Each structure stands twice: as structure tokens, then as C-alpha cells.
Amino acid sequence: MALTPVRLRFAPSPTGYLHLGSARTALFNWLWARHIGGEMLLRIEDTDRERSQPELIQVIFDALDWLGIDFDGEPIHQSDNAARHAAVIDDLIHAGSAYRCTCTQEDVAARTKAAGGPPGYDGFCRDRGVGADESHVVRFRVPDDGATSWVDLVRGEISFEHRNLEDFVLRRRDGNPMFIVANAVDDVDAAITHVVRGEDLINVTPKMLLVRAAMGVTEPVAFAHLPLIVNEQRKKLSKRFGDVAIEDYRARGFLPEAMVNYLALLGWGPADGVEVRPVDEIIGLFELSDIGQSGAMFDIKKLEAVNGEWIRRLEVDEFVRRSLPFVDSIPGFDAARFAEIAPDLQTRAKVLSELPALCDFLFLDEPEIDDASWQKAVVDNPDAPRLLDAAVEAFTVSEWTAEALHAATLEFAEAAGLKLGKAQAPIRVAVTGRTVGPPLFEALVVLGADTTLARLRAARERC
RNA sequence: GCCCCCAUCGUCCAGUGGCCUAGGACGCCUCCCUUUCAAGGAGGUAACACGGGUUCGAAUCCCGUUGGGGGUGCCA
């Protein structure tokens with residue numbers, strides 16, 4: 001007897017972006033598939049006609065590819081299986097598992113309101129024998145008694161009593177199949193063995209199980225319902241609350257290594273406590289049974305910390321290469337010059353998008369002077385004028401190395417009775433425009449003597 | 001309302017009956033290093049929601065309460 005191959009899938013709908021929650025779902029499916037040596041399929045659930053534009057789908061492919069989540073075989077398009085979905089629904093009608101219903105949503109709402117009962121369909125058309133020629137939807141005939149249950153891989157046994165399940169719609173009035181049917185049928189056809197998805201889908205699982213059984217499918221399928229990723233309000237992450245698309249984080253300068261690493265930590269954690277680690281190691285350690293059951297808050301601070309760690313782990317050359325898209329649009333940008341200062345930037349950036357603010361003074365004709373910095377280090381600093389004068393004088397004759405500039409500054413700082421840290425402030429603002437940035441003397445070396453002295457003189461004139 | 005799920009530091013995880021005076025990470029605070037800011041090093045702060053059981057023993061098992069979330073669409 002051959003062992004059934006483990007087969008998982010990620011089934012996004014073409015929304016035009018990859019939601020963080022979806023990405024996490026894709027990741028957990030993928031981690032488990034790769035861990036167990038199973039197959040990982042990609043299926044685009046594009047039954048919604050107007051949302052199935054190729055560009056919208058491409059965005060999702062790109063995001064998955066960026067994260068490093070790969071798939072076995074070509075992507076499946078659910079819309080290609082429309083005929084199969086229709087045939088299954090017809091079979092269910094013939095078998096008596098489903099029936100046509102003429103009730104509109106208004107009809108149903110009016111009746112339940114009049115009856116004062118709970119919302120939901122009341123089974124009005126169950127035995128009316130509605131013909132195919134009448135305008136109708138197709139509903140599944142849920143058994144009156146009993147329950148549908150399964151042993152969820154992350155939550156244990158979950159059970160729904162049939163009397164709490166209404167006769168749900170299988171096919172819309174316009175003839176299109178509902179998600180429940182298309183999804184269940186495609187999973188059967190692809191011989192999916194494990195469905196790993198968000199907890200928000202937990203209540204449609206009994207319906208899918210019912211459809212599977214009515215189809216006569218006997219192969220088991222295991223479900224693992226992941227805890228939701230929530231925001232500060234403990235609510236499901238939604239698009240109207242901050243950035244929820246993977247692409248947004250990519251644009252902000254998060255590394256895919258960090259993104260994947262952090263997402264894996266939402267609802268799961270390695271037993272040895274080592275959180276920041278390569279994805280290959282995570283694959284090795286990942287078990288569905290170790291997934292937590294409570295919602296995990298998306299903590300941007302922690303994501304940034306993980307990202308900073310990954311930035312620091314990069315080889316300098318690689319750091320430069322990855323930084324380029326974020327800095328090469330600075331006017332006057334010079335790659336060689338950027339590479340010189342790169343090691344000093346690498347420990348200072350949590351996200352790549354903050355790089356321009358740290359190094360743009362090296363490329364711009366004039367540094368962009370930050371008002372608050374200028375106020376603090378120059379205007380409010382009575383020592384500023386003479387420090388700038390001293391710097392011009394000392395730097396004019398200094399050898400142009402970090403050590404020499406350091407020594408020269410130390411000398412006139414001490415003469416003025418100031419600590420080096422205090423003395424370099426107005427110089428830093430004059431040259432870089434800000435009070436914070438990479439180490440001053442190293443930056444001056446990269447900037448060059450002429451530009452440095454010109455900026456110091458210009459600042460002195462403004463005092 | 002009804003259905004389903006969840007409940008350990010502010011946050012994310014560890015803990016699966018004794019090793020827990022509850023551990024790690026992020027954050028926050030202090031100190032060291034220091035050329036600003038980082039990075040790095042050393043400390044510190046801070047939690048088993050509550051009430052009943054079960055047991056020699058419970059963060060761990062059971063029940064209840066409270067709190068939170070998800071669903072309740074001819075969306076997915």
C-alpha cells in the first residue's frame with residue numbers, strides 16, 4: 001500500500017496585493033510542506049470575474065517570490081474548473097443533497113424577521129421541487145440531526161451541530177459557484193491532504209466537509225486553523241488599519257529574510273528560543289502541532305528589531321547591493337562613495353528606507369539642514385561660532401584622515417574646555433544637516449576637504 | 001441574539017502534573033563602551049484572568065464565570 005503523498009496548497013484570491021495574514025498562511029503551509037517533504041501547490045481563486053485581472057495576480061506571484069516561497073507545478077486557476085464545479089452541483093441536486101431555491105435574500109430576511117427567529121435560511125424551498133427553468137439559487141440540504149466534527153491539527157476536536165447550520169448556498173442566482181464549492185472541489189481534485197488556513201475560515205469547514213461527503217469523497221483531509229494576526233486593538237488586521245500588504249513592507253526596506261523570519265514567529269516559536277535564524281533552520285524545526293491557538297499581535301517594533309538584525313548579518317557588499325534601490329535616487333548619488341560609508345550605516349538602519357536620511361549629505365550639493373538640529377546645535381549654542389572657526393582653521397591644515405581630523409578636533413575642543421561630543425555637534429550639523437548620523441570624521445573623509453570646508457564656512461556665515 | 005475559537009510579562013513565544021521562588025526575545029529603564037546616533041556588553045522592570053474541583057502536588061487536567069476574538073453574505 002502506497003503512502004498518500006502529503007500535499008498542501010495556498011489559495012489566494014486576486015486582490016491585487018498580498019495581505020500579511022495571507023502571507024503568513026502561505027508561509028506556514030510552505031514551511032510544513034518543505035519540512036515534511038510534501039508538495040506545495042498554488043491555486044488562484046479567481047472565480048470572481050472582475051477581480052481576476054492578470055496584473056492583480058502577478059502582484060501576488062511577485063510578493064511570494066520575494067519572500068522565497070516557491071511552489072510545485074504551475075499555478076492552478078480556479079476559473080479553469082468552472083465546468084467541473086457546475087457538474088458537481090448538478091450531481092448534488094440529482095442525488096438529493098442539494099435543491100433549487102427561489103427565495104431572494106429579501107424574502108428570507110422578511111420571513112425570519114416576521115417569525116422572530118434567528119437569522120438564516122429557513123428551508124422554505126427544501127421540498128418545493130423548484131424547476132431548473134425558474135430563477136433560483138442552489139442550496140445544500142444540511143442534515144437535520146447529528147453533527148460534523150474534525151480533529152483540527154492545531155486546535156483539537158471541533159464540532160458543529162447540524163441544527164446550527166443553515167442550508168447554505170452552493171450556486172448563486174447568476175450561475176456562479178460559491179467559494180465553498182469551488183474550494184472544496186478543487187481540493188478534492190488536487191488530492192490536497194492538509195488544509196492550513198486562517199481561523200476566520202473555521203466555521204465554513206463543516207460545510208466543506210459536508211460537501212465532500214455528499215460528493216462521495218472518502219479520502220480524508222486534515223485541517224489546521226491558524227490563529228489570526230491582530231492589530232493593537234486585538235482585531236483582525238484590516239486594510240484600513242496601516243500597512244497590511246507585503247509590498248508595503250518591501251517598499252519600506254524590510255528584508256525578505258526578516259519578513260519571513262518574523263511572520264514565522266507569529267503563532268509559532270522554536271523550542272530552543274533562538275528567534276532570529278535562517279528559514280532553512282525554521283523549516284527543519286517547524287511542526288504544525290507546535291502552532292499556538294491564540295491571536296498574535298503584529299508588532300512592528302519587533303519586526304524592525306528582527307530586520308535590523310538581518311541587515312547587520314548581511315555582508316557589506318550585499319548590504320550595498322540591497323540598499324541601492326533606496327538611495328540611488330538621491331541627487332548626485334555615487335555608488336562608490338556610498339560603498340565607502342556603508343559599513344557605518346549598516347549598524348544604524350532598522351529599515352533600508354531610512355538610509356537616505358543618514359547619508360544624503362554625501363551626495364547633495366548642499367546638505368539639507370534640519371531646523372531643529374540647527375536650532376539646537378548652533379542657534380542655542382553660544383560656542384558654535386568659535387567652534388566653526390576653529391574647525392575651519394584646524395581642518396585646513398589637517399591631514400585628511402579620520403584619525404587626524406579626530407585629533408585636530410579634540411585639540412581645539414579641549415582648548416575650549418569642551419568634550420569632543422559637545423564640540424562636534426555644530427560641525428556635524430554644518431556638514432550633514434543633522435545632529436545624528438554616521439561617525440563624523442569618517443564621514444568627512446568620504447565627503448572630502450573642499451566640500452567640508454565650504455560647508456563649515458557657509459554655516460559660519462549663517463550664525 | 002446564535003454558533004465557533006481563544007486566555008502565561010505591554011508584545012511575541014517557552015512551559016504539555018513535580019526540574020517554576022515561571023524561561024527567552026522585542027519594548028521600556030539603568031549602567032558600561034563611545035565622536036552624535038546606532039551597534040555591542042552588563043543589569044533591571046514585568047505575567048500564569050477569576051472561582052470551583054481532580055490530585056500528595058496544577059500555569060499545566062475538568063467545570064463554571066469573566067474577558068477577548070472570529071463567523072453569522074446569492075464575499076472569500
# chains A, B, ... in the order shown; residues from 1 in each chain; ligands from 1
call {"tool": "interface_residues", "arguments": {"of": "chain B", "to": "chain A", "cutoff": "9 Å", "atoms": "only C-alpha atoms (C1' of nucleotides)", "output": "VMD selection string"}}
result
chain B and resid 1 to 7 11 to 14 24 to 27 35 to 39 68 to 72 74 to 76
call {"tool": "select_by_dssp", "arguments": {"residues": "segment 119-349 of chain A", "states": "strand (DSSP E or B)", "output": "PyMOL selection string"}}
result
chain A and resi 137-140+147-152+156-161+169-171+177+194-198+222-226+229-230+236+245+296-297
call {"tool": "atom_distance", "arguments": {"atom1": "atom CA of His77 of chain A", "atom2": "atom CA of Arg43 of chain A"}}
result
5.8 Å
call {"tool": "residues_around", "arguments": {"residues": "segment 63-66 of chain B", "least_positions_apart": "4", "cutoff": "8 Å", "atoms": "only C-alpha atoms (C1' of nucleotides)", "output": "PyMOL selection string"}}
result
chain B and resi 49-53
call {"tool": "residues_around", "arguments": {"residues": "U55 of chain B", "least_positions_apart": "4", "cutoff": "12 Å", "atoms": "only C-alpha atoms (C1' of nucleotides)", "output": "VMD selection string"}}
result
chain B and resid 17 to 18 61 to 62
call {"tool": "write_last_selection", "arguments": {"atoms": "N, CA and C atoms (P, O5', C5', C4', C3', O3' and C1' of nucleotides)", "output": "short mmCIF file (atom, residue, chain, number, x, y, z; two decimals), in the first residue's frame"}}
result
data_model
loop_
_atom_site.label_atom_id
_atom_site.label_comp_id
_atom_site.auth_asym_id
_atom_site.auth_seq_id
_atom_site.Cartn_x
_atom_site.Cartn_y
_atom_site.Cartn_z
P G B 17 2.30 16.47 31.46
"O5'" G B 17 2.15 16.82 33.01
"C5'" G B 17 2.25 18.19 33.44
"C4'" G B 17 2.40 18.17 34.90
"C3'" G B 17 3.17 16.97 35.45
"O3'" G B 17 4.58 17.06 35.33
"C1'" G B 17 1.24 17.45 36.74
P G B 18 5.65 17.95 35.72
"O5'" G B 18 5.31 18.64 37.13
"C5'" G B 18 5.93 19.84 37.59
"C4'" G B 18 6.26 19.67 39.05
"C3'" G B 18 7.74 19.65 39.40
"O3'" G B 18 8.02 20.87 40.05
"C1'" G B 18 6.57 17.89 40.50
P C B 61 -4.02 21.70 30.38
"O5'" C B 61 -4.73 20.51 31.18
"C5'" C B 61 -4.65 19.17 30.69
"C4'" C B 61 -5.66 18.34 31.43
"C3'" C B 61 -7.02 18.99 31.60
"O3'" C B 61 -7.83 18.76 30.45
"C1'" C B 61 -6.30 18.18 33.69
P C B 62 -8.97 19.80 30.09
"O5'" C B 62 -10.08 19.47 31.18
"C5'" C B 62 -10.77 18.22 31.15
"C4'" C B 62 -11.85 18.24 32.20
"C3'" C B 62 -12.75 19.46 32.15
"O3'" C B 62 -13.79 19.30 31.21
"C1'" C B 62 -12.02 19.10 34.37
#
call {"tool": "select_by_dssp", "arguments": {"residues": "segment 174-352 of chain A", "states": "alpha helix (DSSP H)", "output": "PyMOL selection string"}}
result
chain A and resi 179-189+205-215+246-251+256-264+279-285+300-313+316-327+335-346
call {"tool": "atom_distance", "arguments": {"atom1": "atom CA of Ala147 of chain A", "atom2": "atom CA of Thr205 of chain A"}}
result
12.4 Å
call {"tool": "residues_around", "arguments": {"residues": "C48 of chain B", "least_positions_apart": "6", "cutoff": "8 Å", "atoms": "only C-alpha atoms (C1' of nucleotides)", "output": "list of chain:residue names"}}
result
B:U8, B:A22, B:A59
call {"tool": "write_last_selection", "arguments": {"atoms": "C-alpha atoms (C1' of nucleotides)", "output": "PDB file, in the first residue's frame"}}
result
ATOM      1  C1'   U B   8       1.418  32.994  30.773  1.00  0.00           C
ATOM      2  C1'   A B  22       7.630  30.679  35.653  1.00  0.00           C
ATOM      3  C1'   A B  59       0.498  27.705  34.740  1.00  0.00           C
TER       4        A B  59
END
call {"tool": "residues_around", "arguments": {"residues": "segment 367-377 of chain A", "least_positions_apart": "2", "cutoff": "10 Å", "atoms": "only C-alpha atoms (C1' of nucleotides)", "output": "ChimeraX atom specification"}}
result
/A:357,359-365,379-384,422-436,455,459,463
call {"tool": "atom_distance", "arguments": {"atom1": "atom CA of Pro385 of chain A", "atom2": "atom CA of Ala408 of chain A"}}
result
17.1 Å
call {"tool": "residues_around", "arguments": {"residues": "Arg197 of chain A", "least_positions_apart": "5", "cutoff": "7 Å", "atoms": "only C-alpha atoms (C1' of nucleotides)", "output": "PyMOL selection string"}}
result
chain A and resi 25+224-226
call {"tool": "closest_residue", "arguments": {"among": "A:Val130, A:Ala82, A:Ala449, A:Leu285", "to": "Arg100 of chain A", "atoms": "only C-alpha atoms"}}
result
A:Val130
call {"tool": "decode", "arguments": {"residues": "segment 35-52 of chain B", "atoms": "N, CA, C and O atoms (P, O5', C5', C4', C3', O3' and C1' of nucleotides)", "output": "PDB file, in the first residue's frame"}}
result
ATOM      1  P     U B  35      35.256  58.956  21.977  1.00  0.00           P
ATOM      2  O5'   U B  35      34.255  59.781  21.049  1.00  0.00           O
ATOM      3  C5'   U B  35      33.996  61.164  21.349  1.00  0.00           C
ATOM      4  C4'   U B  35      32.893  61.598  20.400  1.00  0.00           C
ATOM      5  C3'   U B  35      31.840  60.525  20.288  1.00  0.00           C
ATOM      6  O3'   U B  35      30.547  61.067  20.392  1.00  0.00           O
ATOM      7  C1'   U B  35      32.769  61.043  18.141  1.00  0.00           C
ATOM      8  P     U B  36      29.542  60.303  21.378  1.00  0.00           P
ATOM      9  O5'   U B  36      28.145  60.842  20.827  1.00  0.00           O
ATOM     10  C5'   U B  36      27.754  62.207  21.020  1.00  0.00           C
ATOM     11  C4'   U B  36      26.690  62.561  20.013  1.00  0.00           C
ATOM     12  C3'   U B  36      25.628  61.499  19.859  1.00  0.00           C
ATOM     13  O3'   U B  36      24.623  61.636  20.853  1.00  0.00           O
ATOM     14  C1'   U B  36      26.367  62.185  17.731  1.00  0.00           C
ATOM     15  P     C B  37      24.094  60.352  21.602  1.00  0.00           P
ATOM     16  O5'   C B  37      23.360  59.568  20.428  1.00  0.00           O
ATOM     17  C5'   C B  37      22.265  60.158  19.738  1.00  0.00           C
ATOM     18  C4'   C B  37      21.959  59.329  18.515  1.00  0.00           C
ATOM     19  C3'   C B  37      21.815  57.835  18.759  1.00  0.00           C
ATOM     20  O3'   C B  37      20.530  57.523  19.263  1.00  0.00           O
ATOM     21  C1'   C B  37      23.155  58.204  16.858  1.00  0.00           C
ATOM     22  P     A B  38      20.282  56.144  19.996  1.00  0.00           P
ATOM     23  O5'   A B  38      20.430  55.137  18.773  1.00  0.00           O
ATOM     24  C5'   A B  38      20.908  53.830  18.973  1.00  0.00           C
ATOM     25  C4'   A B  38      21.328  53.293  17.622  1.00  0.00           C
ATOM     26  C3'   A B  38      21.879  51.886  17.679  1.00  0.00           C
ATOM     27  O3'   A B  38      20.828  50.937  17.622  1.00  0.00           O
ATOM     28  C1'   A B  38      23.378  53.256  16.498  1.00  0.00           C
ATOM     29  P     A B  39      20.810  49.726  18.637  1.00  0.00           P
ATOM     30  O5'   A B  39      22.099  48.887  18.193  1.00  0.00           O
ATOM     31  C5'   A B  39      22.174  48.314  16.890  1.00  0.00           C
ATOM     32  C4'   A B  39      23.581  47.823  16.644  1.00  0.00           C
ATOM     33  C3'   A B  39      24.128  46.902  17.735  1.00  0.00           C
ATOM     34  O3'   A B  39      23.731  45.566  17.526  1.00  0.00           O
ATOM     35  C1'   A B  39      25.706  48.587  17.278  1.00  0.00           C
ATOM     36  P     G B  40      23.373  44.649  18.769  1.00  0.00           P
ATOM     37  O5'   G B  40      24.735  44.589  19.584  1.00  0.00           O
ATOM     38  C5'   G B  40      25.869  43.936  19.027  1.00  0.00           C
ATOM     39  C4'   G B  40      27.047  44.094  19.966  1.00  0.00           C
ATOM     40  C3'   G B  40      26.774  43.727  21.416  1.00  0.00           C
ATOM     41  O3'   G B  40      26.864  42.329  21.629  1.00  0.00           O
ATOM     42  C1'   G B  40      27.905  45.790  21.345  1.00  0.00           C
ATOM     43  P     G B  41      25.966  41.653  22.763  1.00  0.00           P
ATOM     44  O5'   G B  41      26.690  42.133  24.096  1.00  0.00           O
ATOM     45  C5'   G B  41      28.032  41.742  24.343  1.00  0.00           C
ATOM     46  C4'   G B  41      28.496  42.341  25.647  1.00  0.00           C
ATOM     47  C3'   G B  41      27.551  42.161  26.829  1.00  0.00           C
ATOM     48  O3'   G B  41      27.665  40.883  27.413  1.00  0.00           O
ATOM     49  C1'   G B  41      28.298  44.392  26.768  1.00  0.00           C
ATOM     50  P     A B  42      26.440  40.246  28.215  1.00  0.00           P
ATOM     51  O5'   A B  42      26.383  41.169  29.516  1.00  0.00           O
ATOM     52  C5'   A B  42      27.485  41.174  30.432  1.00  0.00           C
ATOM     53  C4'   A B  42      27.136  42.061  31.604  1.00  0.00           C
ATOM     54  C3'   A B  42      25.763  41.806  32.208  1.00  0.00           C
ATOM     55  O3'   A B  42      25.772  40.686  33.065  1.00  0.00           O
ATOM     56  C1'   A B  42      26.108  44.140  31.955  1.00  0.00           C
ATOM     57  P     G B  43      24.384  40.039  33.521  1.00  0.00           P
ATOM     58  O5'   G B  43      23.929  41.078  34.629  1.00  0.00           O
ATOM     59  C5'   G B  43      22.569  41.178  34.932  1.00  0.00           C
ATOM     60  C4'   G B  43      22.337  42.471  35.668  1.00  0.00           C
ATOM     61  C3'   G B  43      20.871  42.745  35.924  1.00  0.00           C
ATOM     62  O3'   G B  43      20.467  42.086  37.117  1.00  0.00           O
ATOM     63  C1'   G B  43      21.830  44.638  34.911  1.00  0.00           C
ATOM     64  P     G B  44      19.110  41.291  37.116  1.00  0.00           P
ATOM     65  O5'   G B  44      18.050  42.473  37.140  1.00  0.00           O
ATOM     66  C5'   G B  44      18.137  43.471  38.161  1.00  0.00           C
ATOM     67  C4'   G B  44      17.256  44.633  37.810  1.00  0.00           C
ATOM     68  C3'   G B  44      15.804  44.286  37.501  1.00  0.00           C
ATOM     69  O3'   G B  44      15.061  44.103  38.684  1.00  0.00           O
ATOM     70  C1'   G B  44      16.599  45.842  35.918  1.00  0.00           C
ATOM     71  P     U B  45      13.767  43.220  38.655  1.00  0.00           P
ATOM     72  O5'   U B  45      12.740  44.150  37.886  1.00  0.00           O
ATOM     73  C5'   U B  45      12.379  45.425  38.419  1.00  0.00           C
ATOM     74  C4'   U B  45      11.384  46.079  37.490  1.00  0.00           C
ATOM     75  C3'   U B  45      10.195  45.209  37.139  1.00  0.00           C
ATOM     76  O3'   U B  45       9.199  45.352  38.144  1.00  0.00           O
ATOM     77  C1'   U B  45      11.068  46.206  35.175  1.00  0.00           C
ATOM     78  P     A B  46       8.669  44.090  38.931  1.00  0.00           P
ATOM     79  O5'   A B  46       7.597  43.536  37.905  1.00  0.00           O
ATOM     80  C5'   A B  46       6.556  44.395  37.443  1.00  0.00           C
ATOM     81  C4'   A B  46       6.074  43.899  36.116  1.00  0.00           C
ATOM     82  C3'   A B  46       5.759  42.404  36.101  1.00  0.00           C
ATOM     83  O3'   A B  46       4.469  42.162  36.607  1.00  0.00           O
ATOM     84  C1'   A B  46       7.039  42.993  34.188  1.00  0.00           C
ATOM     85  P     A B  47       4.218  40.857  37.445  1.00  0.00           P
ATOM     86  O5'   A B  47       3.471  39.962  36.363  1.00  0.00           O
ATOM     87  C5'   A B  47       2.240  40.410  35.801  1.00  0.00           C
ATOM     88  C4'   A B  47       1.714  39.334  34.907  1.00  0.00           C
ATOM     89  C3'   A B  47       1.454  37.989  35.592  1.00  0.00           C
ATOM     90  O3'   A B  47       0.169  37.991  36.195  1.00  0.00           O
ATOM     91  C1'   A B  47       2.659  37.648  33.594  1.00  0.00           C
ATOM     92  P     C B  48      -0.106  37.033  37.454  1.00  0.00           P
ATOM     93  O5'   C B  48       0.045  35.570  36.842  1.00  0.00           O
ATOM     94  C5'   C B  48      -1.119  34.793  36.606  1.00  0.00           C
ATOM     95  C4'   C B  48      -0.943  34.142  35.277  1.00  0.00           C
ATOM     96  C3'   C B  48      -2.010  33.105  34.961  1.00  0.00           C
ATOM     97  O3'   C B  48      -2.566  33.507  33.716  1.00  0.00           O
ATOM     98  C1'   C B  48       0.182  32.146  34.839  1.00  0.00           C
ATOM     99  P     A B  49      -4.095  33.192  33.485  1.00  0.00           P
ATOM    100  O5'   A B  49      -4.826  34.267  34.393  1.00  0.00           O
ATOM    101  C5'   A B  49      -4.420  35.641  34.399  1.00  0.00           C
ATOM    102  C4'   A B  49      -5.589  36.473  34.829  1.00  0.00           C
ATOM    103  C3'   A B  49      -6.429  35.833  35.927  1.00  0.00           C
ATOM    104  O3'   A B  49      -5.918  36.185  37.203  1.00  0.00           O
ATOM    105  C1'   A B  49      -7.819  36.498  34.137  1.00  0.00           C
ATOM    106  P     C B  50      -5.906  35.087  38.369  1.00  0.00           P
ATOM    107  O5'   C B  50      -7.438  35.074  38.791  1.00  0.00           O
ATOM    108  C5'   C B  50      -8.055  36.251  39.288  1.00  0.00           C
ATOM    109  C4'   C B  50      -9.529  35.985  39.474  1.00  0.00           C
ATOM    110  C3'   C B  50      -9.852  34.719  40.244  1.00  0.00           C
ATOM    111  O3'   C B  50      -9.796  34.938  41.639  1.00  0.00           O
ATOM    112  C1'   C B  50     -11.172  34.808  38.294  1.00  0.00           C
ATOM    113  P     G B  51      -9.442  33.728  42.605  1.00  0.00           P
ATOM    114  O5'   G B  51     -10.749  32.831  42.508  1.00  0.00           O
ATOM    115  C5'   G B  51     -11.982  33.359  42.968  1.00  0.00           C
ATOM    116  C4'   G B  51     -13.065  32.346  42.751  1.00  0.00           C
ATOM    117  C3'   G B  51     -12.718  30.933  43.180  1.00  0.00           C
ATOM    118  O3'   G B  51     -12.844  30.764  44.574  1.00  0.00           O
ATOM    119  C1'   G B  51     -13.770  30.875  41.071  1.00  0.00           C
ATOM    120  P     G B  52     -12.325  29.417  45.256  1.00  0.00           P
ATOM    121  O5'   G B  52     -13.551  28.458  44.994  1.00  0.00           O
ATOM    122  C5'   G B  52     -13.382  27.071  45.131  1.00  0.00           C
ATOM    123  C4'   G B  52     -14.405  26.365  44.282  1.00  0.00           C
ATOM    124  C3'   G B  52     -14.051  24.915  44.043  1.00  0.00           C
ATOM    125  O3'   G B  52     -14.477  24.124  45.140  1.00  0.00           O
ATOM    126  C1'   G B  52     -14.515  25.913  41.981  1.00  0.00           C
TER     127        G B  52
END
